[in-house]
Structures are given as structure tokens and as C-alpha cells.
$ cat final-v1.cif   # mmCIF, C-alpha atoms and all ligand atoms; chains and numbers go by the auth columns
data_protein
#
loop_
_atom_site.group_PDB
_atom_site.id
_atom_site.type_symbol
_atom_site.label_atom_id
_atom_site.label_comp_id
_atom_site.label_asym_id
_atom_site.label_seq_id
_atom_site.Cartn_x
_atom_site.Cartn_y
_atom_site.Cartn_z
_atom_site.B_iso_or_equiv
_atom_site.auth_seq_id
_atom_site.auth_asym_id
ATOM 1 C CA MET A 1 245.440 146.094 49.121 0.00 28 A
ATOM 2 C CA ASN A 2 242.156 147.667 48.040 0.00 29 A
ATOM 3 C CA ASN A 3 239.335 145.513 46.704 0.00 30 A
ATOM 4 C CA ARG A 4 239.834 146.403 43.054 0.00 31 A
ATOM 5 C CA ARG A 5 243.567 145.680 43.178 0.00 32 A
ATOM 6 C CA LYS A 6 242.938 142.468 45.117 0.00 33 A
ATOM 7 C CA ARG A 7 240.314 141.359 42.575 0.00 34 A
ATOM 8 C CA ARG A 8 242.706 142.127 39.704 0.00 35 A
ATOM 9 C CA ALA A 9 245.500 140.142 41.385 0.00 36 A
ATOM 10 C CA GLU A 10 243.129 137.197 41.939 0.00 37 A
ATOM 11 C CA LEU A 11 242.042 137.320 38.295 0.00 38 A
ATOM 12 C CA ALA A 12 245.684 137.362 37.125 0.00 39 A
ATOM 13 C CA ARG A 13 246.493 134.347 39.313 0.00 40 A
ATOM 14 C CA PHE A 14 243.403 132.501 38.080 0.00 41 A
ATOM 15 C CA ARG A 15 244.358 133.253 34.463 0.00 42 A
ATOM 16 C CA ARG A 16 247.925 131.953 35.018 0.00 43 A
ATOM 17 C CA GLU A 17 246.691 128.726 36.583 0.00 44 A
ATOM 18 C CA THR A 18 244.000 128.118 33.983 0.00 45 A
ATOM 19 C CA ASP A 19 246.316 127.158 31.138 0.00 46 A
ATOM 20 C CA GLY A 20 243.625 127.690 28.509 0.00 47 A
ATOM 21 C CA ALA A 21 240.903 125.372 29.785 0.00 48 A
ATOM 22 C CA LEU A 22 238.248 125.670 32.467 0.00 49 A
ATOM 23 C CA LEU A 23 235.730 123.188 33.763 0.00 50 A
ATOM 24 C CA THR A 24 232.430 124.965 34.319 0.00 51 A
ATOM 25 C CA TRP A 25 229.085 124.257 35.923 0.00 52 A
ATOM 26 C CA LEU A 26 225.986 126.391 35.478 0.00 53 A
ATOM 27 C CA VAL A 27 223.644 125.263 38.229 0.00 54 A
ATOM 28 C CA ASP A 28 220.390 126.438 39.727 0.00 55 A
ATOM 29 C CA ALA A 29 221.251 128.038 43.061 0.00 56 A
ATOM 30 C CA ASN A 30 218.692 125.812 44.791 0.00 57 A
ATOM 31 C CA ASP A 31 219.459 122.630 42.884 0.00 58 A
ATOM 32 C CA PRO A 32 220.797 119.788 45.009 0.00 59 A
ATOM 33 C CA ALA A 33 222.858 118.803 41.925 0.00 60 A
ATOM 34 C CA LEU A 34 225.099 121.711 42.905 0.00 61 A
ATOM 35 C CA HIS A 35 226.709 119.244 45.262 0.00 62 A
ATOM 36 C CA LYS A 36 227.907 117.154 42.313 0.00 63 A
ATOM 37 C CA ALA A 37 230.543 119.803 41.622 0.00 64 A
ATOM 38 C CA PRO A 38 233.949 119.311 43.288 0.00 65 A
ATOM 39 C CA PRO A 39 233.748 119.933 47.068 0.00 66 A
ATOM 40 C CA LEU A 40 236.004 123.004 46.974 0.00 67 A
ATOM 41 C CA LEU A 41 233.735 124.605 44.378 0.00 68 A
ATOM 42 C CA VAL A 42 230.611 123.736 46.341 0.00 69 A
ATOM 43 C CA ARG A 43 232.189 125.332 49.395 0.00 70 A
ATOM 44 C CA ALA A 44 233.129 128.466 47.386 0.00 71 A
ATOM 45 C CA ALA A 45 229.547 128.649 46.079 0.00 72 A
ATOM 46 C CA LEU A 46 228.080 128.359 49.573 0.00 73 A
ATOM 47 C CA VAL A 47 230.452 131.023 50.924 0.00 74 A
ATOM 48 C CA CYS A 48 229.480 133.281 48.011 0.00 75 A
ATOM 49 C CA CYS A 49 225.779 132.805 48.846 0.00 76 A
ATOM 50 C CA GLU A 50 226.326 133.487 52.552 0.00 77 A
ATOM 51 C CA ASN A 51 228.377 136.604 51.837 0.00 78 A
ATOM 52 C CA LEU A 52 225.948 138.197 49.384 0.00 79 A
ATOM 53 C CA PRO A 53 224.684 140.839 51.858 0.00 80 A
ATOM 54 C CA ALA A 54 228.263 141.952 52.626 0.00 81 A
ATOM 55 C CA ALA A 55 229.741 141.246 49.179 0.00 82 A
ATOM 56 C CA PRO A 56 226.972 141.521 46.577 0.00 83 A
ATOM 57 C CA ARG A 57 227.579 140.108 43.085 0.00 84 A
ATOM 58 C CA HIS A 58 226.498 141.457 39.732 0.00 85 A
ATOM 59 C CA CYS A 59 224.315 139.281 37.532 0.00 86 A
ATOM 60 C CA ILE A 60 226.441 138.255 34.534 0.00 87 A
ATOM 61 C CA CYS A 61 223.471 138.914 32.201 0.00 88 A
ATOM 62 C CA CYS A 62 221.794 142.160 33.326 0.00 89 A
ATOM 63 C CA LEU A 63 224.405 143.446 35.833 0.00 90 A
ATOM 64 C CA LEU A 64 221.792 143.728 38.590 0.00 91 A
ATOM 65 C CA LEU A 65 223.453 143.818 41.990 0.00 92 A
ATOM 66 C CA ILE A 66 222.470 140.640 43.845 0.00 93 A
ATOM 67 C CA GLY A 67 222.592 141.283 47.584 0.00 94 A
ATOM 68 C CA HIS A 68 220.466 138.472 48.913 0.00 95 A
ATOM 69 C CA ARG A 69 220.193 134.764 48.265 0.00 96 A
ATOM 70 C CA ARG A 70 216.498 135.087 47.303 0.00 97 A
ATOM 71 C CA GLU A 71 217.609 137.247 44.315 0.00 98 A
ATOM 72 C CA LEU A 72 220.006 134.569 43.127 0.00 99 A
ATOM 73 C CA GLY A 73 218.875 132.264 40.299 0.00 100 A
ATOM 74 C CA ALA A 74 221.964 130.339 39.289 0.00 101 A
ATOM 75 C CA LEU A 75 225.674 130.064 39.812 0.00 102 A
ATOM 76 C CA LEU A 76 228.370 129.800 37.178 0.00 103 A
ATOM 77 C CA LEU A 77 231.198 127.851 38.791 0.00 104 A
ATOM 78 C CA SER A 78 234.541 127.405 37.117 0.00 105 A
ATOM 79 C CA THR A 79 237.903 125.944 37.918 0.00 106 A
ATOM 80 C CA PRO A 80 241.002 125.248 35.827 0.00 107 A
ATOM 81 C CA ALA A 81 240.938 121.843 34.117 0.00 108 A
ATOM 82 C CA ASN A 82 244.297 121.036 35.717 0.00 109 A
ATOM 83 C CA ALA A 83 243.981 120.483 39.454 0.00 110 A
ATOM 84 C CA THR A 84 244.494 123.674 41.421 0.00 111 A
ATOM 85 C CA SER A 85 242.740 125.398 44.252 0.00 112 A
ATOM 86 C CA SER A 86 241.664 128.320 42.039 0.00 113 A
ATOM 87 C CA MET A 87 237.995 128.742 41.320 0.00 114 A
ATOM 88 C CA SER A 88 235.520 131.399 40.416 0.00 115 A
ATOM 89 C CA VAL A 89 231.866 131.854 41.259 0.00 116 A
ATOM 90 C CA ASN A 90 229.627 134.119 39.181 0.00 117 A
ATOM 91 C CA ALA A 91 225.955 134.810 39.677 0.00 118 A
ATOM 92 C CA VAL A 92 222.817 134.922 37.539 0.00 119 A
ATOM 93 C CA CYS A 93 219.835 136.758 39.037 0.00 120 A
ATOM 94 C CA ASN A 94 216.431 135.145 39.533 0.00 121 A
ATOM 95 C CA SER A 95 214.815 137.136 36.779 0.00 122 A
ATOM 96 C CA CYS A 96 217.423 136.296 34.107 0.00 123 A
ATOM 97 C CA TRP A 97 217.531 132.642 35.181 0.00 124 A
ATOM 98 C CA ALA A 98 213.742 132.417 34.816 0.00 125 A
ATOM 99 C CA GLN A 99 213.319 134.472 31.655 0.00 126 A
ATOM 100 C CA GLN A 100 216.486 134.443 29.549 0.00 127 A
ATOM 101 C CA ALA A 101 217.065 131.746 26.960 0.00 128 A
ATOM 102 C CA LEU A 102 219.871 129.385 27.916 0.00 129 A
ATOM 103 C CA ASP A 103 221.759 130.574 24.803 0.00 130 A
ATOM 104 C CA GLU A 104 221.731 134.135 26.131 0.00 131 A
ATOM 105 C CA ILE A 105 222.950 133.058 29.563 0.00 132 A
ATOM 106 C CA GLU A 106 225.665 130.981 27.917 0.00 133 A
ATOM 107 C CA HIS A 107 226.663 133.988 25.822 0.00 134 A
ATOM 108 C CA ALA A 108 226.997 136.125 28.987 0.00 135 A
ATOM 109 C CA ALA A 109 228.960 133.319 30.667 0.00 136 A
ATOM 110 C CA THR A 110 231.293 133.142 27.666 0.00 137 A
ATOM 111 C CA ASP A 111 231.954 136.887 27.917 0.00 138 A
ATOM 112 C CA VAL A 112 232.745 136.611 31.632 0.00 139 A
ATOM 113 C CA LEU A 113 235.024 133.610 31.256 0.00 140 A
ATOM 114 C CA ARG A 114 236.907 135.133 28.321 0.00 141 A
ATOM 115 C CA ALA A 115 238.541 137.423 30.898 0.00 142 A
ATOM 116 C CA VAL A 116 240.358 134.253 31.930 0.00 143 A
ATOM 117 C CA VAL A 117 240.508 132.305 28.652 0.00 144 A
ATOM 118 C CA PRO A 118 240.672 134.762 25.736 0.00 145 A
ATOM 119 C CA ASN A 119 238.639 133.510 22.756 0.00 146 A
ATOM 120 C CA GLY A 120 237.418 130.600 24.872 0.00 147 A
ATOM 121 C CA TYR A 121 234.244 128.734 24.017 0.00 148 A
ATOM 122 C CA PHE A 122 232.118 126.034 25.587 0.00 149 A
ATOM 123 C CA GLU A 123 232.419 122.430 24.581 0.00 150 A
ATOM 124 C CA ALA A 124 230.753 119.408 26.103 0.00 151 A
ATOM 125 C CA LEU A 125 232.878 117.013 28.082 0.00 152 A
ATOM 126 C CA PRO A 126 233.400 113.654 26.398 0.00 153 A
ATOM 127 C CA CYS A 127 231.138 111.027 27.933 0.00 154 A
HETATM 128 ZN ZN ZN B . 220.075 139.328 35.646 0.00 201 B
#

$ encode --input "final-v1.cif" --output "C-alpha cells"
Amino acid sequence: MNNRRKRRAELARFRRETDGALLTWLVDANDPALHKAPPLLVRAALVCCENLPAAPRHCICCLLLIGHRRELGALLLSTPANATSSMSVNAVCNSCWAQQALDEIEHAATDVLRAVVPNGYFEALPC
């Protein structure tokens, strides 16, 4: 299976398992709080960081290709609210993370995640 087809199949599976709700974390790539996310997500994030030279990611805001950890500002982690092993990791570049308003980053994150949850929006978790 080529990469594009594989990616599309993964997205379709993620969408099926999501059931309309995702739990998301937007965390600084160097923030120790990253480890407060579920262990599987933390592992996926670390693998994503390690694989950047071989599998670069596009910044969700400016579409810059991020090929090295030093270019990475933040990670958008998401997983279905119901317990599954599906998860996604998206990247925000250093420059956008440092200079964009949080609203703009959240807007870009909303666009990305709407591929999985059409018309989805962010809401705070009840405390
Ligand atoms: Zn960027």
C-alpha cells in the first residue's frame, strides 16, 4: 500500500472509531506536562519526534515541513473519547508556536480535526 493510500485508510479507521468526540492535548514539544497525556499518546508523540527526519510533518498553521525536532514547537495530540488504540499526532512549528495567537493555532487545529469530526469544535472538559 502506498503512503497516501495507507494514510487515507488510517484516517478512515480513526474517523470510524472516533464516534464524534475526541480528547485533545495541545502541548509544548519540550514541556514535561506532555507526559500527563495517556501513555500511548505520549509514546506516539515521542515516536513522531524521533521519526521527523525520515517522516517530516507539516505545521498545521503554516504548512512548513518540519524535519527536525528543533523545528518543532508544539504537538496536537488526539484520541477518541471512547477507549481505543487510535490516536493522531499533529505538529506546530517553532515559529508559529512562538508567534501565533493561541486562537489562530486553535483555529488551525479545528480545521485539521474536522477531517475526523465534521463540524467539530473545542469544548473544555468538565472539572
Ligand atoms: Zn508553522

$ closest_residue --input "final-v1.cif" --among "A:Val54, A:Gly47, A:Glu98, A:Leu90" --to "Arg141 in chain A" --atoms "all atoms listed in the file"
A:Gly47

$ residues_around --input "final-v1.cif" --residues "Pro66 in chain A" --least-positions-apart "6" --cutoff "12 Å" --atoms "all atoms listed in the file" --output "list in words"
Ala72, Leu73, Leu104, Thr106, Ser112 and Met114 of chain A

$ write_last_selection --input "final-v1.cif" --atoms "C-alpha atoms" --output "short mmCIF file (atom, residue, chain, number, x, y, z; two decimals), keeping the file's coordinate frame"
data_model
loop_
_atom_site.label_atom_id
_atom_site.label_comp_id
_atom_site.auth_asym_id
_atom_site.auth_seq_id
_atom_site.Cartn_x
_atom_site.Cartn_y
_atom_site.Cartn_z
CA ALA A 72 229.55 128.65 46.08
CA LEU A 73 228.08 128.36 49.57
CA LEU A 104 231.20 127.85 38.79
CA THR A 106 237.90 125.94 37.92
CA SER A 112 242.74 125.40 44.25
CA MET A 114 238.00 128.74 41.32
#

$ residues_near_ligand --input "final-v1.cif" --ligand "ligand ZN 201 (chain B)" --cutoff "9 Å" --atoms "all atoms listed in the file" --output "PyMOL selection string"
chain A and resi 85-93+99-100+118-124+127

$ atom_distance --input "final-v1.cif" --atom1 "CA of Leu67 in chain A" --atom2 "CA of Ser113 in chain A"
9.2 Å

$ resolve_selection --input "final-v1.cif" --expression "the PyMOL selection byres (((chain A and resi 76) around 12) and not hetatm)" --output "count of residues only"
31

$ atom_distance --input "final-v1.cif" --atom1 "CA of Val143 in chain A" --atom2 "CA of Arg42 in chain A"
4.8 Å

$ atom_distance --input "final-v1.cif" --atom1 "CA of Asp58 in chain A" --atom2 "CA of Asp138 in chain A"
24.2 Å

$ closest_residue --input "final-v1.cif" --among "A:Ala64, A:Ala48, A:Leu53, A:Ala108" --to "Val144 in chain A" --atoms "all atoms listed in the file"
A:Ala48

$ closest_residue --input "final-v1.cif" --among "A:Gly147, A:Asp130, A:Val139, A:Pro107" --to "Leu50 in chain A" --atoms "only C-alpha atoms"
A:Pro107

$ closest_residue --input "final-v1.cif" --among "A:Leu103, A:Glu44, A:Ser115, A:Trp52" --to "Ala136 in chain A" --atoms "only C-alpha atoms"
A:Leu103

$ resolve_selection --input "final-v1.cif" --expression "the PyMOL selection byres (((chain A and resi 150) around 12) and not hetatm)" --output "list in words"
Ala48, Leu49, Leu50, Thr51, Trp52, Glu133, Thr137, Gly147, Tyr148, Phe149, Ala151, Leu152, Pro153 and Cys154 of chain A

$ decode --input "final-v1.cif" --residues "range 76-87 of chain A" --atoms "N, CA and C atoms" --output "compact mmCIF listing (two decimals), in the first residue's frame"
# COMPACT_ATOMS: atom_id res chain seq x y z
N CYS A 76 8.34 12.44 17.06
CA CYS A 76 9.52 13.32 17.18
C CYS A 76 10.77 12.62 16.66
N GLU A 77 10.95 11.37 17.04
CA GLU A 77 12.14 10.63 16.61
C GLU A 77 12.16 10.41 15.10
N ASN A 78 10.97 10.26 14.52
CA ASN A 78 10.89 9.94 13.08
C ASN A 78 10.86 11.16 12.17
N LEU A 79 10.93 12.36 12.76
CA LEU A 79 10.80 13.55 11.92
C LEU A 79 11.77 13.60 10.73
N PRO A 80 13.05 13.22 10.92
CA PRO A 80 13.95 13.27 9.75
C PRO A 80 13.49 12.34 8.62
N ALA A 81 12.97 11.17 8.96
CA ALA A 81 12.53 10.22 7.94
C ALA A 81 11.09 10.48 7.50
N ALA A 82 10.26 10.99 8.41
CA ALA A 82 8.85 11.21 8.12
C ALA A 82 8.46 12.61 8.60
N PRO A 83 8.90 13.64 7.86
CA PRO A 83 8.62 15.01 8.30
C PRO A 83 7.12 15.29 8.34
N ARG A 84 6.72 16.21 9.20
CA ARG A 84 5.31 16.60 9.35
C ARG A 84 5.15 18.05 8.90
N HIS A 85 3.96 18.36 8.41
CA HIS A 85 3.65 19.74 8.08
C HIS A 85 3.11 20.45 9.31
N CYS A 86 3.52 21.70 9.49
CA CYS A 86 2.92 22.52 10.54
C CYS A 86 1.45 22.73 10.21
N ILE A 87 0.57 22.56 11.19
CA ILE A 87 -0.87 22.70 10.92
C ILE A 87 -1.25 24.15 10.64
